[in-house]
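Colleague: Got a structure for you, written out below as structure tokens; questions coming shortly.
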Amino acid sequence: MRIDFLTLFPEMCEAVMSESIIGRARAKGALEVHCHQIRDYTLNKQKQVDDYPYGGGMGMVLFPQPIADCFRAVCEQAGTRPHLVYMSPQGAVLTQQRAKELAQLPNLCILCGHYEGVDERVLDALVDEQISIGDYVLTGGELPGLVLADCVARLTPGVLSDEECFTDESHYAGLLEYPQYTRPAEWEGRAVPEILLSGHHENIRKWRREQAIRRTFLHRPDMLESAQLSEKERAMVETWRQEPSENDTI
């Protein structure tokens, strides 16, 4: 998969995408990432990329021309037109399901706005979709863009060591993840559940499944409406609903 960033801060994006799992995936060729400086495509000597908005108001708006030319250059480099996402609080909130869908694309391009955003004509002419990472405002689109890129990249074949690394995680299967433990077996009077030390893989699998459903019931009950549960599991959830609230602990 190829991911391109259109940004005023390519060094910021490059630094994050060069570390940890994503950085190792790039090094071995499982993932391709390019960070493009929008300012390089300005036509004025001052390298200005923004101006005051028509009609007045606070802040500055990014010119359409440098963004458009930068994106067209990316299209030429990639040999195809990437799916262009603009990180915006107006967009649909990012979900694991949307990340899975985007991970199927061969090319993803992320436009990171700044100041008061970009000229609306860019959105009309070039952007395929807008995505938000939550109902709050940041100083620029780089952090949200990096969140999207990380979320999508880790679903790309070859980035993680095994598909199970993400299929058991929170949100992937419509549930929160089960509790995790490591050594020592007892810490400050708190012991690891005995079943995890039993070596009985099927019992462990069943315990983890029940714990994932229980944790989702306690912390994100809204997710259970669309989760794929068996009749027995749904009956188990109904039993929990009848319990006194003080028992709602894992």
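Letters for chains follow the order of the structure tokens (A, B, ...), residue numbers begin at 1 for each chain, and ligand numbers begin at 1 in the order shown.
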Please identify which residues in region 143-233 of chain A DSSP calls alpha helix (DSSP H) from the backbone, and express them as a ChimeraX atom specification.
Modeller: /A:143-153,164-167,201-219,231-233
Colleague: Neighbouring residues of region 14-30 of chain A were defined as those with any atom within 8 Å, considering only C-alpha atoms; residues of the same chain fewer than 6 positions away were excluded. Please report them as a ChimeraX atom specification.
Modeller: /A:1,146,150,153-154,156-160
Colleague: For the residues selected in the previous step, produce a file with N, CA, C and O atoms as a PDB file, in the first residue's frame.
Modeller:
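Output (result-v7.pdb):
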ATOM      1  N   MET A   1       0.840  -1.191   0.000  1.00  0.00           N
ATOM      2  CA  MET A   1       0.000   0.000   0.000  1.00  0.00           C
ATOM      3  C   MET A   1       0.876   1.242   0.000  1.00  0.00           C
ATOM      4  O   MET A   1       1.942   1.269   0.626  1.00  0.00           O
ATOM      5  N   LEU A 146      -2.118  11.378  10.738  1.00  0.00           N
ATOM      6  CA  LEU A 146      -1.239  10.314  11.216  1.00  0.00           C
ATOM      7  C   LEU A 146      -2.033   9.214  11.912  1.00  0.00           C
ATOM      8  O   LEU A 146      -1.701   8.032  11.794  1.00  0.00           O
ATOM      9  N   ASP A 150      -1.900   5.423  10.504  1.00  0.00           N
ATOM     10  CA  ASP A 150      -1.493   4.328  11.374  1.00  0.00           C
ATOM     11  C   ASP A 150      -2.586   3.267  11.451  1.00  0.00           C
ATOM     12  O   ASP A 150      -2.329   2.060  11.358  1.00  0.00           O
ATOM     13  N   ALA A 153      -2.670   1.564   7.962  1.00  0.00           N
ATOM     14  CA  ALA A 153      -1.433   0.871   7.594  1.00  0.00           C
ATOM     15  C   ALA A 153      -1.270  -0.451   8.323  1.00  0.00           C
ATOM     16  O   ALA A 153      -0.821  -1.443   7.744  1.00  0.00           O
ATOM     17  N   ARG A 154      -1.652  -0.491   9.590  1.00  0.00           N
ATOM     18  CA  ARG A 154      -1.436  -1.710  10.362  1.00  0.00           C
ATOM     19  C   ARG A 154      -2.336  -2.860   9.916  1.00  0.00           C
ATOM     20  O   ARG A 154      -2.122  -4.015  10.295  1.00  0.00           O
ATOM     21  N   THR A 156      -2.616  -3.489   6.693  1.00  0.00           N
ATOM     22  CA  THR A 156      -2.037  -3.872   5.409  1.00  0.00           C
ATOM     23  C   THR A 156      -1.206  -5.137   5.573  1.00  0.00           C
ATOM     24  O   THR A 156      -0.413  -5.245   6.511  1.00  0.00           O
ATOM     25  N   PRO A 157      -1.361  -6.111   4.686  1.00  0.00           N
ATOM     26  CA  PRO A 157      -0.578  -7.345   4.778  1.00  0.00           C
ATOM     27  C   PRO A 157       0.924  -7.061   4.861  1.00  0.00           C
ATOM     28  O   PRO A 157       1.464  -6.257   4.114  1.00  0.00           O
ATOM     29  N   GLY A 158       1.582  -7.728   5.809  1.00  0.00           N
ATOM     30  CA  GLY A 158       3.017  -7.583   5.964  1.00  0.00           C
ATOM     31  C   GLY A 158       3.445  -6.543   6.976  1.00  0.00           C
ATOM     32  O   GLY A 158       4.618  -6.501   7.364  1.00  0.00           O
ATOM     33  N   VAL A 159       2.519  -5.696   7.421  1.00  0.00           N
ATOM     34  CA  VAL A 159       2.882  -4.668   8.401  1.00  0.00           C
ATOM     35  C   VAL A 159       2.980  -5.278   9.792  1.00  0.00           C
ATOM     36  O   VAL A 159       3.956  -5.079  10.512  1.00  0.00           O
ATOM     37  N   LEU A 160       1.968  -6.034  10.198  1.00  0.00           N
ATOM     38  CA  LEU A 160       2.023  -6.774  11.455  1.00  0.00           C
ATOM     39  C   LEU A 160       2.472  -8.202  11.174  1.00  0.00           C
ATOM     40  O   LEU A 160       2.323  -8.705  10.060  1.00  0.00           O
TER      41      LEU A 160
END
Colleague: Against region 46-51 of chain A, which residues of region 114-208 of chain A fall within 12 Å? For each one I want the closest pair of atoms and the distance in Å (one decimal), counting only C-alpha atoms, rows by chain and increasing residue number, as CSV.
Modeller:
residue,atom,partner,partner_atom,distance
A:His114,CA,A:Asp50,CA,9.4
A:Tyr115,CA,A:Asp50,CA,8.8
A:Glu116,CA,A:Asp50,CA,9.7
A:Gly117,CA,A:Asp50,CA,9.5
A:Val118,CA,A:Asp50,CA,8.6
A:Asp119,CA,A:Asp50,CA,9.3
Colleague: Could you name the residues that touch Gln211 (chain A) at 9 Å or less, counting only C-alpha atoms, but leaving out those on the same chain fewer than 5 positions away, as a short mmCIF file (atom, residue, chain, number, x, y, z; two decimals) with N, CA, C and O atoms, in the first residue's frame?
Modeller:
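The file below, part.cif, is the result:
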data_model
loop_
_atom_site.label_atom_id
_atom_site.label_comp_id
_atom_site.auth_asym_id
_atom_site.auth_seq_id
_atom_site.Cartn_x
_atom_site.Cartn_y
_atom_site.Cartn_z
N GLU A 177 -11.54 -5.45 23.48
CA GLU A 177 -10.62 -6.57 23.68
C GLU A 177 -10.71 -7.10 25.11
O GLU A 177 -10.98 -6.36 26.06
N TYR A 178 -10.46 -8.39 25.26
CA TYR A 178 -10.44 -9.04 26.57
C TYR A 178 -9.23 -8.55 27.38
O TYR A 178 -8.26 -8.02 26.83
N PRO A 179 -9.23 -8.74 28.73
CA PRO A 179 -8.10 -8.32 29.56
C PRO A 179 -6.83 -9.08 29.21
O PRO A 179 -6.89 -10.27 28.84
N LYS A 206 -12.61 -19.50 25.14
CA LYS A 206 -13.97 -19.24 25.61
C LYS A 206 -13.97 -18.14 26.67
O LYS A 206 -14.84 -17.27 26.68
N THR A 216 -17.27 -5.13 26.87
CA THR A 216 -18.05 -4.29 25.97
C THR A 216 -19.37 -3.90 26.61
O THR A 216 -19.82 -2.76 26.50
N ILE A 250 -15.26 -6.25 36.15
CA ILE A 250 -14.66 -7.43 35.49
C ILE A 250 -13.77 -8.14 36.50
O ILE A 250 -12.93 -7.51 37.12
#
Colleague: In Å, how far is it from CA of Leu138 (chain A) to CA of Cys112 (chain A)?
Modeller: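 Atom-to-atom, CA of Leu138 (chain A) and CA of Cys112 (chain A) are spaced 11.3 Å apart.
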Colleague: Identify which of the residues A:Trp240, A:Phe9, A:Phe71, A:Tyr52 lies closest to Gln37 (chain A), counting only C-alpha atoms when measuring atom-to-atom distances.
Modeller: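 Nearest candidate to Gln37 (chain A) out of A:Trp240, A:Phe9, A:Phe71, A:Tyr52: A:Phe9.
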Colleague: How many Å lie between CA of Ala173 (chain A) and CA of Arg98 (chain A), rounded to one decimal?
Modeller: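 A separation of 12.9 Å between them.
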Colleague: Do you know which residues are at most 7 Å from region 74-86 of chain A counting only C-alpha atoms, after dropping those on the same chain fewer than 2 positions away, and could you put them as a list of chain:residue names?
Modeller: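 Contacts, with the query itself left out: A:Cys70, A:Phe71, A:Arg72, A:Ser88, A:Asn107, A:Leu108, A:Cys109, A:Ile110, A:Leu111, A:Cys112, A:Val127, A:Asp128, A:Glu129, A:Gln130, A:Ile131.
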Colleague: Keeping only N, CA, C and O atoms, write the selected residues as a PDB file, in the first residue's frame.
Modeller:
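Result file again.pdb:
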ATOM      1  N   CYS A  70       0.088  20.042  -5.977  1.00  0.00           N
ATOM      2  CA  CYS A  70       0.765  19.015  -5.182  1.00  0.00           C
ATOM      3  C   CYS A  70       0.094  17.663  -5.381  1.00  0.00           C
ATOM      4  O   CYS A  70       0.762  16.644  -5.578  1.00  0.00           O
ATOM      5  N   PHE A  71      -1.225  17.651  -5.352  1.00  0.00           N
ATOM      6  CA  PHE A  71      -1.957  16.394  -5.541  1.00  0.00           C
ATOM      7  C   PHE A  71      -1.733  15.837  -6.943  1.00  0.00           C
ATOM      8  O   PHE A  71      -1.549  14.628  -7.116  1.00  0.00           O
ATOM      9  N   ARG A  72      -1.728  16.699  -7.938  1.00  0.00           N
ATOM     10  CA  ARG A  72      -1.488  16.231  -9.302  1.00  0.00           C
ATOM     11  C   ARG A  72      -0.096  15.646  -9.468  1.00  0.00           C
ATOM     12  O   ARG A  72       0.105  14.682 -10.213  1.00  0.00           O
ATOM     13  N   SER A  88     -10.913  16.522   8.551  1.00  0.00           N
ATOM     14  CA  SER A  88     -11.768  17.665   8.852  1.00  0.00           C
ATOM     15  C   SER A  88     -12.778  17.323   9.938  1.00  0.00           C
ATOM     16  O   SER A  88     -13.331  16.214   9.942  1.00  0.00           O
ATOM     17  N   ASN A 107      -3.748   2.866  -3.023  1.00  0.00           N
ATOM     18  CA  ASN A 107      -3.178   4.199  -2.821  1.00  0.00           C
ATOM     19  C   ASN A 107      -4.126   5.068  -2.005  1.00  0.00           C
ATOM     20  O   ASN A 107      -5.301   5.203  -2.348  1.00  0.00           O
ATOM     21  N   LEU A 108      -3.594   5.670  -0.957  1.00  0.00           N
ATOM     22  CA  LEU A 108      -4.360   6.574  -0.105  1.00  0.00           C
ATOM     23  C   LEU A 108      -3.583   7.871   0.042  1.00  0.00           C
ATOM     24  O   LEU A 108      -2.390   7.851   0.365  1.00  0.00           O
ATOM     25  N   CYS A 109      -4.246   8.988  -0.203  1.00  0.00           N
ATOM     26  CA  CYS A 109      -3.614  10.301  -0.065  1.00  0.00           C
ATOM     27  C   CYS A 109      -4.363  11.088   1.004  1.00  0.00           C
ATOM     28  O   CYS A 109      -5.598  11.135   0.985  1.00  0.00           O
ATOM     29  N   ILE A 110      -3.628  11.694   1.931  1.00  0.00           N
ATOM     30  CA  ILE A 110      -4.225  12.396   3.065  1.00  0.00           C
ATOM     31  C   ILE A 110      -3.854  13.874   2.996  1.00  0.00           C
ATOM     32  O   ILE A 110      -2.666  14.224   3.014  1.00  0.00           O
ATOM     33  N   LEU A 111      -4.866  14.720   2.907  1.00  0.00           N
ATOM     34  CA  LEU A 111      -4.665  16.168   2.882  1.00  0.00           C
ATOM     35  C   LEU A 111      -4.809  16.714   4.298  1.00  0.00           C
ATOM     36  O   LEU A 111      -5.854  16.556   4.923  1.00  0.00           O
ATOM     37  N   CYS A 112      -3.751  17.357   4.778  1.00  0.00           N
ATOM     38  CA  CYS A 112      -3.753  17.919   6.124  1.00  0.00           C
ATOM     39  C   CYS A 112      -3.935  19.433   6.040  1.00  0.00           C
ATOM     40  O   CYS A 112      -3.039  20.143   5.562  1.00  0.00           O
ATOM     41  N   VAL A 127     -11.326  16.333  -3.426  1.00  0.00           N
ATOM     42  CA  VAL A 127     -11.426  15.448  -2.260  1.00  0.00           C
ATOM     43  C   VAL A 127     -12.516  14.398  -2.440  1.00  0.00           C
ATOM     44  O   VAL A 127     -13.643  14.707  -2.842  1.00  0.00           O
ATOM     45  N   ASP A 128     -12.174  13.150  -2.132  1.00  0.00           N
ATOM     46  CA  ASP A 128     -13.134  12.035  -2.250  1.00  0.00           C
ATOM     47  C   ASP A 128     -13.975  11.860  -0.992  1.00  0.00           C
ATOM     48  O   ASP A 128     -15.133  11.468  -1.066  1.00  0.00           O
ATOM     49  N   GLU A 129     -13.380  12.115   0.144  1.00  0.00           N
ATOM     50  CA  GLU A 129     -14.142  12.049   1.396  1.00  0.00           C
ATOM     51  C   GLU A 129     -13.421  12.811   2.492  1.00  0.00           C
ATOM     52  O   GLU A 129     -12.209  13.032   2.437  1.00  0.00           O
ATOM     53  N   GLN A 130     -14.191  13.232   3.489  1.00  0.00           N
ATOM     54  CA  GLN A 130     -13.640  13.902   4.651  1.00  0.00           C
ATOM     55  C   GLN A 130     -13.789  12.984   5.859  1.00  0.00           C
ATOM     56  O   GLN A 130     -14.814  12.316   6.020  1.00  0.00           O
ATOM     57  N   ILE A 131     -12.766  12.954   6.691  1.00  0.00           N
ATOM     58  CA  ILE A 131     -12.775  12.086   7.865  1.00  0.00           C
ATOM     59  C   ILE A 131     -12.354  12.889   9.082  1.00  0.00           C
ATOM     60  O   ILE A 131     -11.438  13.708   9.029  1.00  0.00           O
TER      61      ILE A 131
END
Colleague: Would you mind telling me which residue in A:Cys13, A:Val152, A:Val33, A:Val122 lies nearest to Phe63 (chain A) when using only C-alpha atoms?
Modeller: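 Going through A:Cys13, A:Val152, A:Val33, A:Val122 one by one, the smallest distance to Phe63 (chain A) is for A:Val122.
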Colleague: Which of region 69-160 of chain A counts as strand (DSSP E or B) under DSSP, as an MDAnalysis selection string please?
Modeller: chainID A and resid 83:93 107:111 114 118 129:132 140
Colleague: Looking at only C-alpha atoms, which of A:Lys100, A:Glu188, A:Leu176, A:Tyr181 is the one that sits closest to Arg209 (chain A)?
Modeller: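 Counting only C-alpha atoms, the residue closest to Arg209 (chain A) is A:Leu176.
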Colleague: Which of these residues is nearest to Asp124 (chain A), using only C-alpha atoms: A:Thr7, A:Pro64, A:Gly57, A:Glu231?
Modeller: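 Of A:Thr7, A:Pro64, A:Gly57, A:Glu231, the one nearest Asp124 (chain A) is A:Pro64, counting only C-alpha atoms.
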